[in-house]
$ cat start_8.pdb   # PDB, C-alpha atoms
ATOM      1  CA  MET A  14      -0.995 -10.323  -0.740
ATOM      2  CA  THR A  15       2.145  -8.575  -1.914
ATOM      3  CA  GLY A  16       1.431  -9.652  -5.452
ATOM      4  CA  GLN A  17      -1.818  -7.743  -5.745
ATOM      5  CA  GLU A  18      -2.072  -4.586  -7.756
ATOM      6  CA  PRO A  19      -2.611  -1.580  -5.479
ATOM      7  CA  PRO A  20      -5.492   0.723  -6.317
ATOM      8  CA  ARG A  21      -4.682   3.359  -8.905
ATOM      9  CA  ASN A  22      -5.822   6.134  -6.671
ATOM     10  CA  PRO A  23      -4.895   5.121  -3.132
ATOM     11  CA  SER A  24      -6.412   7.968  -1.137
ATOM     12  CA  GLY A  25      -9.453   8.273  -3.336
ATOM     13  CA  ASP A  26      -8.611  11.705  -4.683
ATOM     14  CA  ASP A  27      -5.932  13.459  -6.676
ATOM     15  CA  GLN A  28      -4.306  15.234  -3.765
ATOM     16  CA  PRO A  29      -0.521  14.987  -3.413
ATOM     17  CA  PRO A  30       0.593  12.554  -0.700
ATOM     18  CA  PRO A  31      -0.098  13.952   2.770
ATOM     19  CA  ASP A  32       3.023  14.556   4.815
ATOM     20  CA  THR A  33       1.917  12.981   8.048
ATOM     21  CA  GLY A  34       5.357  13.184   9.590
ATOM     22  CA  MET A  35       5.665  16.923   8.942
ATOM     23  CA  GLY A  36       4.417  18.019  12.347
ATOM     24  CA  MET A  37       7.006  15.905  14.137
ATOM     25  CA  THR A  38       9.752  17.204  11.861
ATOM     26  CA  ALA A  39       8.748  20.808  12.552
ATOM     27  CA  VAL A  40       8.715  20.277  16.321
ATOM     28  CA  ALA A  41      12.055  18.456  16.117
ATOM     29  CA  TYR A  42      13.596  21.406  14.226
ATOM     30  CA  LEU A  43      12.337  23.949  16.760
ATOM     31  CA  ILE A  44      13.479  22.004  19.805
ATOM     32  CA  SER A  45      16.811  20.956  18.351
ATOM     33  CA  GLY A  46      17.527  24.523  17.229
ATOM     34  CA  MET A  47      16.980  25.765  20.741
ATOM     35  CA  LEU A  48      18.927  22.904  22.367
ATOM     36  CA  VAL A  49      21.947  22.905  20.043
ATOM     37  CA  TRP A  50      22.606  26.640  20.045
ATOM     38  CA  GLY A  51      21.533  27.004  23.654
ATOM     39  CA  ALA A  52      24.120  24.372  24.595
ATOM     40  CA  ILE A  53      26.799  26.081  22.504
ATOM     41  CA  GLY A  54      25.921  29.389  24.183
ATOM     42  CA  TRP A  55      26.127  27.691  27.562
ATOM     43  CA  LEU A  56      29.636  26.483  26.737
ATOM     44  CA  VAL A  57      30.612  30.003  25.693
ATOM     45  CA  ASP A  58      29.239  31.198  29.029
ATOM     46  CA  HIS A  59      31.518  28.744  30.800
ATOM     47  CA  TRP A  60      34.545  29.926  28.881
ATOM     48  CA  LEU A  61      33.920  33.610  29.410
ATOM     49  CA  GLY A  62      32.529  33.292  32.923
ATOM     50  CA  THR A  63      29.310  35.110  32.041
ATOM     51  CA  LYS A  64      26.117  34.074  33.781
ATOM     52  CA  GLY A  65      23.941  32.747  30.986
ATOM     53  CA  ILE A  66      23.645  35.631  28.553
ATOM     54  CA  PHE A  67      25.132  33.590  25.695
ATOM     55  CA  ALA A  68      22.927  30.584  26.486
ATOM     56  CA  GLY A  69      19.918  32.894  26.144
ATOM     57  CA  ILE A  70      21.172  34.444  22.926
ATOM     58  CA  GLY A  71      22.000  30.965  21.608
ATOM     59  CA  ALA A  72      18.526  29.625  22.365
ATOM     60  CA  VAL A  73      16.849  32.569  20.589
ATOM     61  CA  VAL A  74      19.180  32.351  17.595
ATOM     62  CA  GLY A  75      18.648  28.574  17.502
ATOM     63  CA  ILE A  76      14.862  28.951  17.431
ATOM     64  CA  GLY A  77      15.310  31.460  14.623
ATOM     65  CA  GLY A  78      17.406  28.911  12.736
ATOM     66  CA  GLY A  79      14.792  26.234  13.398
ATOM     67  CA  VAL A  80      12.011  28.426  12.019
ATOM     68  CA  TYR A  81      14.132  29.235   8.965
ATOM     69  CA  LEU A  82      14.765  25.511   8.407
ATOM     70  CA  ILE A  83      11.058  24.729   8.695
ATOM     71  CA  VAL A  84      10.293  27.373   6.075
ATOM     72  CA  ARG A  85      12.996  26.144   3.710
ATOM     73  CA  ARG A  86      12.485  22.403   4.151
ATOM     74  CA  LEU A  87       8.759  22.104   4.752
ATOM     75  CA  GLY A  88       7.408  25.295   3.217
ATOM     76  CA  ALA A  89       5.811  25.225  -0.214
TER      77      ALA A  89
ATOM     78  CA  MET B   4       5.779   6.147  58.604
ATOM     79  CA  THR B   5       3.215   4.932  61.113
ATOM     80  CA  GLY B   6       2.945   1.311  62.049
ATOM     81  CA  GLN B   7      -0.360   0.917  60.256
ATOM     82  CA  SER B   8       0.904   2.100  56.883
ATOM     83  CA  THR B   9       3.928  -0.189  57.026
ATOM     84  CA  VAL B  10       1.578  -3.113  57.581
ATOM     85  CA  LEU B  11      -0.493  -1.905  54.628
ATOM     86  CA  ALA B  12       2.567  -1.601  52.451
ATOM     87  CA  ALA B  13       3.227  -5.242  53.148
ATOM     88  CA  GLU B  14      -0.296  -6.213  52.080
ATOM     89  CA  VAL B  15      -0.698  -4.139  48.919
ATOM     90  CA  PRO B  16       2.436  -2.878  47.219
ATOM     91  CA  PHE B  17       1.469   0.760  46.901
ATOM     92  CA  PRO B  18       2.548   3.031  45.293
ATOM     93  CA  PRO B  19       3.769   0.978  42.295
ATOM     94  CA  LYS B  20       7.491   1.170  41.598
ATOM     95  CA  VAL B  21       9.749   0.681  38.612
ATOM     96  CA  GLU B  22      10.677  -2.691  40.118
ATOM     97  CA  ASP B  23       7.132  -3.832  39.354
ATOM     98  CA  PHE B  24       8.161  -3.966  35.691
ATOM     99  CA  TYR B  25      10.885  -6.516  36.412
ATOM    100  CA  LEU B  26       8.881  -9.675  36.730
ATOM    101  CA  PRO B  27      10.202 -12.856  38.304
ATOM    102  CA  SER B  28      11.497 -15.701  36.232
ATOM    103  CA  ILE B  29       8.929 -18.241  35.051
ATOM    104  CA  LEU B  30      11.428 -21.050  34.748
ATOM    105  CA  PRO B  31      14.380 -20.249  36.993
ATOM    106  CA  TRP B  32      17.700 -21.911  36.374
ATOM    107  CA  GLY B  33      21.118 -20.748  37.408
ATOM    108  CA  GLU B  34      21.814 -17.829  39.697
ATOM    109  CA  HIS B  35      19.867 -14.553  39.244
ATOM    110  CA  SER B  36      18.104 -16.265  36.388
ATOM    111  CA  VAL B  37      15.900 -13.937  34.361
ATOM    112  CA  TRP B  38      16.168 -15.676  31.002
ATOM    113  CA  LEU B  39      12.501 -16.559  30.762
ATOM    114  CA  THR B  40      10.132 -14.014  32.244
ATOM    115  CA  LYS B  41       6.613 -13.048  31.274
ATOM    116  CA  ILE B  42       8.114 -10.370  29.018
ATOM    117  CA  THR B  43      10.170 -12.938  27.082
ATOM    118  CA  ALA B  44       7.226 -15.304  26.877
ATOM    119  CA  LEU B  45       4.953 -12.537  25.521
ATOM    120  CA  LEU B  46       7.568 -11.651  22.888
ATOM    121  CA  TRP B  47       7.755 -15.260  21.690
ATOM    122  CA  ILE B  48       3.982 -15.610  21.716
ATOM    123  CA  SER B  49       3.581 -12.396  19.703
ATOM    124  CA  VAL B  50       6.049 -13.524  17.067
ATOM    125  CA  ALA B  51       4.455 -16.970  16.895
ATOM    126  CA  ILE B  52       0.948 -15.509  16.568
ATOM    127  CA  ILE B  53       1.966 -13.179  13.749
ATOM    128  CA  ILE B  54       3.845 -15.834  11.784
ATOM    129  CA  ILE B  55       1.187 -18.517  12.176
ATOM    130  CA  PHE B  56      -1.729 -16.163  11.529
ATOM    131  CA  PHE B  57      -0.323 -14.775   8.287
ATOM    132  CA  LEU B  58       0.842 -18.182   7.049
ATOM    133  CA  VAL B  59      -2.479 -19.877   7.781
ATOM    134  CA  SER B  60      -4.699 -17.085   6.524
ATOM    135  CA  TYR B  61      -2.838 -16.803   3.227
ATOM    136  CA  ARG B  62      -1.948 -20.420   2.576
ATOM    137  CA  LYS B  63      -4.710 -20.988   0.048
ATOM    138  CA  PRO B  64      -5.755 -17.521  -1.123
ATOM    139  CA  GLN B  65      -9.282 -17.378  -2.530
ATOM    140  CA  LEU B  66     -10.577 -14.858  -5.030
ATOM    141  CA  VAL B  67     -13.497 -14.303  -2.676
ATOM    142  CA  PRO B  68     -11.553 -14.068   0.569
ATOM    143  CA  THR B  69     -12.383 -16.116   3.625
ATOM    144  CA  LYS B  70     -12.778 -14.276   6.907
ATOM    145  CA  LYS B  71      -9.195 -14.839   8.048
ATOM    146  CA  GLN B  72      -7.842 -13.916   4.654
ATOM    147  CA  TRP B  73      -9.964 -10.762   4.715
ATOM    148  CA  ILE B  74      -8.531  -9.707   8.082
ATOM    149  CA  ALA B  75      -4.961 -10.311   6.955
ATOM    150  CA  GLU B  76      -5.556  -8.549   3.652
ATOM    151  CA  SER B  77      -7.164  -5.535   5.249
ATOM    152  CA  MET B  78      -4.264  -5.116   7.690
ATOM    153  CA  TYR B  79      -1.745  -5.328   4.875
ATOM    154  CA  GLY B  80      -3.911  -3.189   2.615
ATOM    155  CA  PHE B  81      -4.307  -0.524   5.288
ATOM    156  CA  VAL B  82      -0.569  -0.120   5.829
ATOM    157  CA  ARG B  83       0.235  -0.353   2.130
ATOM    158  CA  ASN B  84      -2.388   2.066   0.844
ATOM    159  CA  ASN B  85      -2.709   4.501   3.727
ATOM    160  CA  ILE B  86       0.881   4.656   4.934
ATOM    161  CA  ALA B  87       3.334   3.265   2.387
ATOM    162  CA  ILE B  88       1.836   4.474  -0.906
ATOM    163  CA  ASP B  89       0.414   7.684   0.505
ATOM    164  CA  MET B  90       3.772   8.757   1.874
ATOM    165  CA  LEU B  91       6.292   7.151  -0.453
ATOM    166  CA  GLY B  92       4.397   7.008  -3.735
ATOM    167  CA  LYS B  93       4.956   4.048  -6.063
ATOM    168  CA  ARG B  94       8.192   3.102  -4.281
ATOM    169  CA  GLY B  95       6.120   2.603  -1.150
ATOM    170  CA  ILE B  96       5.090  -0.879  -2.330
ATOM    171  CA  ASN B  97       8.669  -2.031  -1.723
ATOM    172  CA  PHE B  98       8.455  -0.905   1.887
ATOM    173  CA  ALA B  99       4.907  -2.105   2.548
ATOM    174  CA  PRO B 100       5.892  -5.595   3.806
ATOM    175  CA  TYR B 101       8.356  -4.175   6.330
ATOM    176  CA  LEU B 102       5.981  -1.444   7.465
ATOM    177  CA  THR B 103       3.151  -3.948   7.861
ATOM    178  CA  THR B 104       5.357  -6.254   9.931
ATOM    179  CA  LEU B 105       6.407  -3.308  12.055
ATOM    180  CA  PHE B 106       2.830  -2.140  12.554
ATOM    181  CA  VAL B 107       1.409  -5.559  13.411
ATOM    182  CA  PHE B 108       4.327  -6.433  15.684
ATOM    183  CA  ILE B 109       4.166  -3.197  17.680
ATOM    184  CA  PHE B 110       0.384  -3.387  17.859
ATOM    185  CA  LEU B 111       0.406  -6.927  19.221
ATOM    186  CA  MET B 112       3.248  -6.225  21.642
ATOM    187  CA  ASN B 113       1.355  -3.166  22.917
ATOM    188  CA  LEU B 114      -1.912  -5.037  23.110
ATOM    189  CA  TRP B 115      -0.569  -7.281  25.884
ATOM    190  CA  ALA B 116      -0.868  -4.263  28.184
ATOM    191  CA  ILE B 117      -4.639  -4.735  28.356
ATOM    192  CA  VAL B 118      -5.034  -8.462  27.703
ATOM    193  CA  PRO B 119      -6.184 -10.111  30.946
ATOM    194  CA  ILE B 120      -3.537 -12.236  32.698
ATOM    195  CA  ALA B 121      -0.762 -10.790  30.516
ATOM    196  CA  GLN B 122      -1.456  -7.197  31.619
ATOM    197  CA  ILE B 123       1.963  -5.821  30.716
ATOM    198  CA  SER B 124       3.446  -4.840  27.397
ATOM    199  CA  PRO B 125       7.005  -5.887  26.545
ATOM    200  CA  ASN B 126       7.308  -2.435  24.989
ATOM    201  CA  SER B 127       7.233  -0.947  28.482
ATOM    202  CA  HIS B 128      10.893  -2.009  28.640
ATOM    203  CA  ILE B 129      13.013   0.424  26.639
ATOM    204  CA  ALA B 130      15.044  -2.397  25.064
ATOM    205  CA  PHE B 131      12.260  -3.415  22.648
ATOM    206  CA  PRO B 132      11.420   0.071  21.292
ATOM    207  CA  ALA B 133      15.148   0.853  21.186
ATOM    208  CA  VAL B 134      15.903  -2.093  18.920
ATOM    209  CA  LEU B 135      12.971  -1.209  16.652
ATOM    210  CA  ALA B 136      14.145   2.408  16.499
ATOM    211  CA  VAL B 137      17.698   1.324  15.652
ATOM    212  CA  ILE B 138      16.334  -0.801  12.784
ATOM    213  CA  SER B 139      14.383   2.172  11.410
ATOM    214  CA  TYR B 140      17.406   4.466  11.898
ATOM    215  CA  VAL B 141      19.878   2.222  10.125
ATOM    216  CA  MET B 142      17.304   1.556   7.405
ATOM    217  CA  PHE B 143      16.595   5.166   6.497
ATOM    218  CA  ILE B 144      20.302   6.071   6.483
ATOM    219  CA  TYR B 145      21.115   3.032   4.322
ATOM    220  CA  ILE B 146      18.275   3.834   1.921
ATOM    221  CA  GLY B 147      19.377   7.454   1.731
ATOM    222  CA  MET B 148      22.964   6.469   0.996
ATOM    223  CA  LYS B 149      21.822   4.025  -1.653
ATOM    224  CA  HIS B 150      19.487   6.543  -3.268
ATOM    225  CA  HIS B 151      21.852   9.516  -3.285
ATOM    226  CA  GLY B 152      25.087   7.571  -3.566
ATOM    227  CA  GLY B 153      27.188   7.208  -0.420
ATOM    228  CA  LEU B 154      28.260  10.384   1.334
ATOM    229  CA  LYS B 155      26.208  12.578  -1.001
ATOM    230  CA  TYR B 156      23.228  11.618   1.158
ATOM    231  CA  PHE B 157      24.753  13.368   4.163
ATOM    232  CA  LYS B 158      25.403  16.456   2.036
ATOM    233  CA  HIS B 159      21.759  16.314   0.983
ATOM    234  CA  ALA B 160      20.522  15.730   4.530
ATOM    235  CA  LEU B 161      22.729  18.234   6.313
ATOM    236  CA  ILE B 162      22.953  21.148   3.900
ATOM    237  CA  PRO B 163      19.587  22.857   3.424
ATOM    238  CA  PRO B 164      18.909  25.156   0.483
ATOM    239  CA  ALA B 165      20.059  28.418   2.049
ATOM    240  CA  PRO B 166      22.640  31.171   1.489
ATOM    241  CA  TRP B 167      26.169  30.199   2.574
ATOM    242  CA  PHE B 168      26.513  32.627   5.477
ATOM    243  CA  ILE B 169      23.583  31.108   7.360
ATOM    244  CA  LEU B 170      24.711  27.494   6.848
ATOM    245  CA  PRO B 171      26.984  27.322   9.945
ATOM    246  CA  LEU B 172      23.901  28.117  11.986
ATOM    247  CA  LEU B 173      21.702  25.525  10.297
ATOM    248  CA  ILE B 174      23.969  22.496   9.859
ATOM    249  CA  PRO B 175      24.273  21.705  13.605
ATOM    250  CA  ILE B 176      20.485  21.945  13.908
ATOM    251  CA  GLU B 177      20.004  19.615  10.938
ATOM    252  CA  PHE B 178      22.536  17.143  12.314
ATOM    253  CA  PHE B 179      20.973  17.145  15.755
ATOM    254  CA  SER B 180      17.372  16.805  14.596
ATOM    255  CA  THR B 181      17.994  14.226  11.863
ATOM    256  CA  PHE B 182      20.675  11.971  13.270
ATOM    257  CA  LEU B 183      20.407  12.311  17.021
ATOM    258  CA  VAL B 184      16.808  13.150  17.932
ATOM    259  CA  ARG B 185      15.077  10.746  15.541
ATOM    260  CA  PRO B 186      16.061   7.335  16.923
ATOM    261  CA  PHE B 187      15.854   8.635  20.471
ATOM    262  CA  SER B 188      12.366  10.103  20.098
ATOM    263  CA  LEU B 189      11.082   7.027  18.244
ATOM    264  CA  ALA B 190      12.189   4.723  21.040
ATOM    265  CA  VAL B 191      11.232   6.955  23.943
ATOM    266  CA  ARG B 192       7.786   7.815  22.575
ATOM    267  CA  LEU B 193       6.719   4.182  22.365
ATOM    268  CA  PHE B 194       8.418   3.151  25.594
ATOM    269  CA  ALA B 195       7.082   6.065  27.647
ATOM    270  CA  ASN B 196       3.532   5.567  26.446
ATOM    271  CA  MET B 197       3.493   1.895  27.340
ATOM    272  CA  PHE B 198       5.329   2.458  30.621
ATOM    273  CA  ALA B 199       2.992   5.244  31.704
ATOM    274  CA  GLY B 200      -0.063   3.242  30.654
ATOM    275  CA  HIS B 201       0.945   0.264  32.775
ATOM    276  CA  MET B 202       1.822   2.534  35.690
ATOM    277  CA  LEU B 203      -1.536   4.296  35.465
ATOM    278  CA  LEU B 204      -3.485   1.041  35.534
ATOM    279  CA  LEU B 205      -1.380  -0.166  38.471
ATOM    280  CA  VAL B 206      -1.993   3.037  40.429
ATOM    281  CA  PHE B 207      -5.757   2.856  40.060
ATOM    282  CA  THR B 208      -6.078  -0.884  40.660
ATOM    283  CA  LEU B 209      -3.730  -1.039  43.644
ATOM    284  CA  GLY B 210      -4.957   2.325  44.913
ATOM    285  CA  GLY B 211      -8.431   0.877  45.263
ATOM    286  CA  PHE B 212      -7.105  -1.953  47.422
ATOM    287  CA  ALA B 213      -4.880   0.361  49.434
ATOM    288  CA  MET B 214      -7.803   2.635  50.285
ATOM    289  CA  LEU B 215     -10.028  -0.302  51.172
ATOM    290  CA  ASN B 216      -7.344  -1.689  53.470
ATOM    291  CA  ALA B 217      -6.861   1.659  55.137
ATOM    292  CA  ASN B 218     -10.515   2.029  56.084
ATOM    293  CA  ALA B 219     -13.537  -0.089  55.168
ATOM    294  CA  TRP B 220     -15.588   3.124  54.776
ATOM    295  CA  PHE B 221     -13.471   4.041  51.771
ATOM    296  CA  LEU B 222     -15.238   1.367  49.711
ATOM    297  CA  PRO B 223     -17.048   3.908  47.464
ATOM    298  CA  PHE B 224     -13.741   5.572  46.613
ATOM    299  CA  SER B 225     -12.244   2.178  45.848
ATOM    300  CA  LEU B 226     -15.140   1.419  43.523
ATOM    301  CA  VAL B 227     -14.603   4.731  41.735
ATOM    302  CA  SER B 228     -10.920   3.877  41.452
ATOM    303  CA  TRP B 229     -11.701   0.502  39.881
ATOM    304  CA  ALA B 230     -14.240   2.059  37.528
ATOM    305  CA  MET B 231     -11.471   4.439  36.480
ATOM    306  CA  THR B 232      -9.261   1.413  35.794
ATOM    307  CA  ILE B 233     -11.844   0.098  33.349
ATOM    308  CA  ALA B 234     -12.211   3.480  31.666
ATOM    309  CA  LEU B 235      -8.437   3.844  31.454
ATOM    310  CA  THR B 236      -8.179   0.404  29.891
ATOM    311  CA  PHE B 237     -10.222   1.706  26.963
ATOM    312  CA  LEU B 238      -7.999   4.789  26.804
ATOM    313  CA  GLU B 239      -5.028   2.407  26.822
ATOM    314  CA  PHE B 240      -6.463   0.642  23.784
ATOM    315  CA  LEU B 241      -6.571   3.973  21.953
ATOM    316  CA  VAL B 242      -2.951   4.668  22.917
ATOM    317  CA  ILE B 243      -1.938   1.177  21.781
ATOM    318  CA  CYS B 244      -3.387   1.639  18.299
ATOM    319  CA  LEU B 245      -2.114   5.201  18.035
ATOM    320  CA  GLN B 246       1.458   4.394  19.041
ATOM    321  CA  ALA B 247       1.701   1.468  16.628
ATOM    322  CA  TYR B 248       0.423   3.784  13.874
ATOM    323  CA  VAL B 249       2.695   6.682  14.844
ATOM    324  CA  PHE B 250       5.812   4.506  14.898
ATOM    325  CA  THR B 251       5.007   3.127  11.442
ATOM    326  CA  VAL B 252       4.139   6.525   9.988
ATOM    327  CA  LEU B 253       7.298   8.134  11.332
ATOM    328  CA  THR B 254       9.452   5.322   9.957
ATOM    329  CA  ALA B 255       7.781   5.839   6.579
ATOM    330  CA  SER B 256       8.303   9.584   6.931
ATOM    331  CA  TYR B 257      12.030   9.150   7.604
ATOM    332  CA  VAL B 258      12.344   6.891   4.575
ATOM    333  CA  GLN B 259      10.465   9.544   2.588
ATOM    334  CA  GLY B 260      12.983  12.153   3.722
ATOM    335  CA  ALA B 261      15.877   9.894   2.722
ATOM    336  CA  LEU B 262      14.391   9.298  -0.738
ATOM    337  CA  ALA B 263      13.432  12.941  -1.355
ATOM    338  CA  ASP B 264      15.173  14.704  -4.188
ATOM    339  CA  GLU B 265      16.305  18.294  -4.197
ATOM    340  CA  HIS B 266      13.434  20.731  -4.486
TER     341      HIS B 266
END
$ encode --input "start_8.pdb" --output "structure tokens"
Amino acid sequence: MTGQEPPRNPSGDDQPPPDTGMGMTAVAYLISGMLVWGAIGWLVDHWLGTKGIFAGIGAVVGIGGGVYLIVRRLGA
Amino acid sequence: MTGQSTVLAAEVPFPPKVEDFYLPSILPWGEHSVWLTKITALLWISVAIIIIFFLVSYRKPQLVPTKKQWIAESMYGFVRNNIAIDMLGKRGINFAPYLTTLFVFIFLMNLWAIVPIAQISPNSHIAFPAVLAVISYVMFIYIGMKHHGGLKYFKHALIPPAPWFILPLLIPIEFFSTFLVRPFSLAVRLFANMFAGHMLLLVFTLGGFAMLNANAWFLPFSLVSWAMTIALTFLEFLVICLQAYVFTVLTASYVQGALADEH
């Protein structure tokens, strides 16, 4: 089986390979952006004794970073 | 709890619990012996089926394939052409054997969830998906390090093309999503799907009996519940195929990311 020649044109057309995993990567970037910077903001909240303002700012900034990463890594 | 419902609970174990996934030992020896349970047996049977099937069906390959050879070839051909080559290009052929093994193994392990008598998938225990995820994780990091040359891979993976002042914001996100979320989500996705599927079938099957025991007039509801079990079994089959495919595709996608050059 492994010795056989694969078809020249695997998907039957000349399209570039489809990035099937892209959706998962995009979702992972968004969620991890929010979680990482939200958690860092939460820690800052603990240090300063504020009641969650930095966690909120962190989550928003993190989502922004996630969107930026999606554009840079997955965009055309 | 009223007296009646405690009696019922003794007759039909309802609602199903997590303990229902820990099956008793088939061949007990020693104290607290759980070395050979249905889960272990299904794992061995799956491995044996895969090895024997592929050996037998490709022992004497014909130019015009026999039926068995055709099935084996179309499984391998599907993973190679539609996953490996589509996602990894020419290099995908090198990964096709592993991806095919992964796909067939996960598919068969999942399939036990709806095979009569077996009725539970080993993948509904997190240990099996976790080991598979660790293999994929170690593999894509190793391939990345080999392709880019040692630590340069981590520079490539962690530092996105962006101006320097925004990098401190992005590197933690990259680290978290690439090196922490990936193995975790791979394992949990497969495990949770198989766990929930088994739980769902248990709820509807046992629920039918529980209702019937509570009151004989509930028979129509029990019948509806059992009809739902049959319908959900077909849904389960869809989930089984989908999860095997998703695991394989994501592994291929991670390898693709590790092999990608700067763009």
$ interface_residues --input "start_8.pdb" --of "chain B" --to "chain A" --cutoff "10 Å" --atoms "all atoms listed in the file" --output "PyMOL selection string"
chain B and resi 61+64+72+75-77+79-80+83-86+88-93+96-97+99-100+163-165+169-170+172-181+183-185+188+249+252-257+259-260+266
$ atom_distance --input "start_8.pdb" --atom1 "atom CA of B:Leu161" --atom2 "atom CA of B:Gly147"
12.2 Å
$ resolve_selection --input "start_8.pdb" --expression "the PyMOL selection byres ((chain A and resi 54-58) around 8)" --output "PDB file with C-alpha atoms, in the frame of the given file"
ATOM      1  CA  TRP A  50      22.606  26.640  20.045  1.00  0.00           C
ATOM      2  CA  GLY A  51      21.533  27.004  23.654  1.00  0.00           C
ATOM      3  CA  ALA A  52      24.120  24.372  24.595  1.00  0.00           C
ATOM      4  CA  ILE A  53      26.799  26.081  22.504  1.00  0.00           C
ATOM      5  CA  HIS A  59      31.518  28.744  30.800  1.00  0.00           C
ATOM      6  CA  TRP A  60      34.545  29.926  28.881  1.00  0.00           C
ATOM      7  CA  LEU A  61      33.920  33.610  29.410  1.00  0.00           C
ATOM      8  CA  GLY A  62      32.529  33.292  32.923  1.00  0.00           C
ATOM      9  CA  THR A  63      29.310  35.110  32.041  1.00  0.00           C
ATOM     10  CA  LYS A  64      26.117  34.074  33.781  1.00  0.00           C
ATOM     11  CA  GLY A  65      23.941  32.747  30.986  1.00  0.00           C
ATOM     12  CA  ILE A  66      23.645  35.631  28.553  1.00  0.00           C
ATOM     13  CA  PHE A  67      25.132  33.590  25.695  1.00  0.00           C
ATOM     14  CA  ALA A  68      22.927  30.584  26.486  1.00  0.00           C
ATOM     15  CA  GLY A  69      19.918  32.894  26.144  1.00  0.00           C
ATOM     16  CA  ILE A  70      21.172  34.444  22.926  1.00  0.00           C
ATOM     17  CA  GLY A  71      22.000  30.965  21.608  1.00  0.00           C
ATOM     18  CA  ALA A  72      18.526  29.625  22.365  1.00  0.00           C
TER      19      ALA A  72
END
$ atom_distance --input "start_8.pdb" --atom1 "atom CA of B:Ala87" --atom2 "atom CA of B:Ile109"
16.6 Å
$ atom_distance --input "start_8.pdb" --atom1 "atom CA of B:Ala230" --atom2 "atom CA of B:Phe198"
20.8 Å
$ closest_residue --input "start_8.pdb" --among "B:Leu193, B:Phe240, B:Ile123, B:His150" --to "B:Ala136" --atoms "all atoms listed in the file"
B:Leu193
$ decode --input "start_8.pdb" --residues "stretch 44-72 of chain A" --atoms "C-alpha atoms" --output "PDB file, in the first residue's frame"
ATOM      1  CA  ILE A  44      -9.657  31.739  24.001  1.00  0.00           C
ATOM      2  CA  SER A  45      -6.023  31.569  25.042  1.00  0.00           C
ATOM      3  CA  GLY A  46      -5.622  35.319  24.520  1.00  0.00           C
ATOM      4  CA  MET A  47      -8.519  35.977  26.833  1.00  0.00           C
ATOM      5  CA  LEU A  48      -7.419  33.383  29.418  1.00  0.00           C
ATOM      6  CA  VAL A  49      -3.718  34.278  29.556  1.00  0.00           C
ATOM      7  CA  TRP A  50      -4.103  38.039  29.858  1.00  0.00           C
ATOM      8  CA  GLY A  51      -7.246  37.726  31.939  1.00  0.00           C
ATOM      9  CA  ALA A  52      -5.296  35.568  34.398  1.00  0.00           C
ATOM     10  CA  ILE A  53      -2.393  38.026  34.443  1.00  0.00           C
ATOM     11  CA  GLY A  54      -4.871  40.856  35.068  1.00  0.00           C
ATOM     12  CA  TRP A  55      -6.437  38.824  37.855  1.00  0.00           C
ATOM     13  CA  LEU A  56      -3.028  38.454  39.497  1.00  0.00           C
ATOM     14  CA  VAL A  57      -2.471  42.201  39.203  1.00  0.00           C
ATOM     15  CA  ASP A  58      -5.861  42.670  40.855  1.00  0.00           C
ATOM     16  CA  HIS A  59      -4.702  40.520  43.750  1.00  0.00           C
ATOM     17  CA  TRP A  60      -1.524  42.514  44.167  1.00  0.00           C
ATOM     18  CA  LEU A  61      -3.181  45.903  44.057  1.00  0.00           C
ATOM     19  CA  GLY A  62      -6.342  44.876  45.883  1.00  0.00           C
ATOM     20  CA  THR A  63      -8.608  46.110  43.092  1.00  0.00           C
ATOM     21  CA  LYS A  64     -11.831  44.246  42.428  1.00  0.00           C
ATOM     22  CA  GLY A  65     -11.389  42.871  38.932  1.00  0.00           C
ATOM     23  CA  ILE A  66     -10.759  45.919  36.778  1.00  0.00           C
ATOM     24  CA  PHE A  67      -7.386  44.591  35.593  1.00  0.00           C
ATOM     25  CA  ALA A  68      -8.819  41.130  34.892  1.00  0.00           C
ATOM     26  CA  GLY A  69     -11.383  42.816  32.635  1.00  0.00           C
ATOM     27  CA  ILE A  70      -8.797  44.975  30.910  1.00  0.00           C
ATOM     28  CA  GLY A  71      -6.543  41.925  30.535  1.00  0.00           C
ATOM     29  CA  ALA A  72      -9.287  39.833  28.945  1.00  0.00           C
TER      30      ALA A  72
END
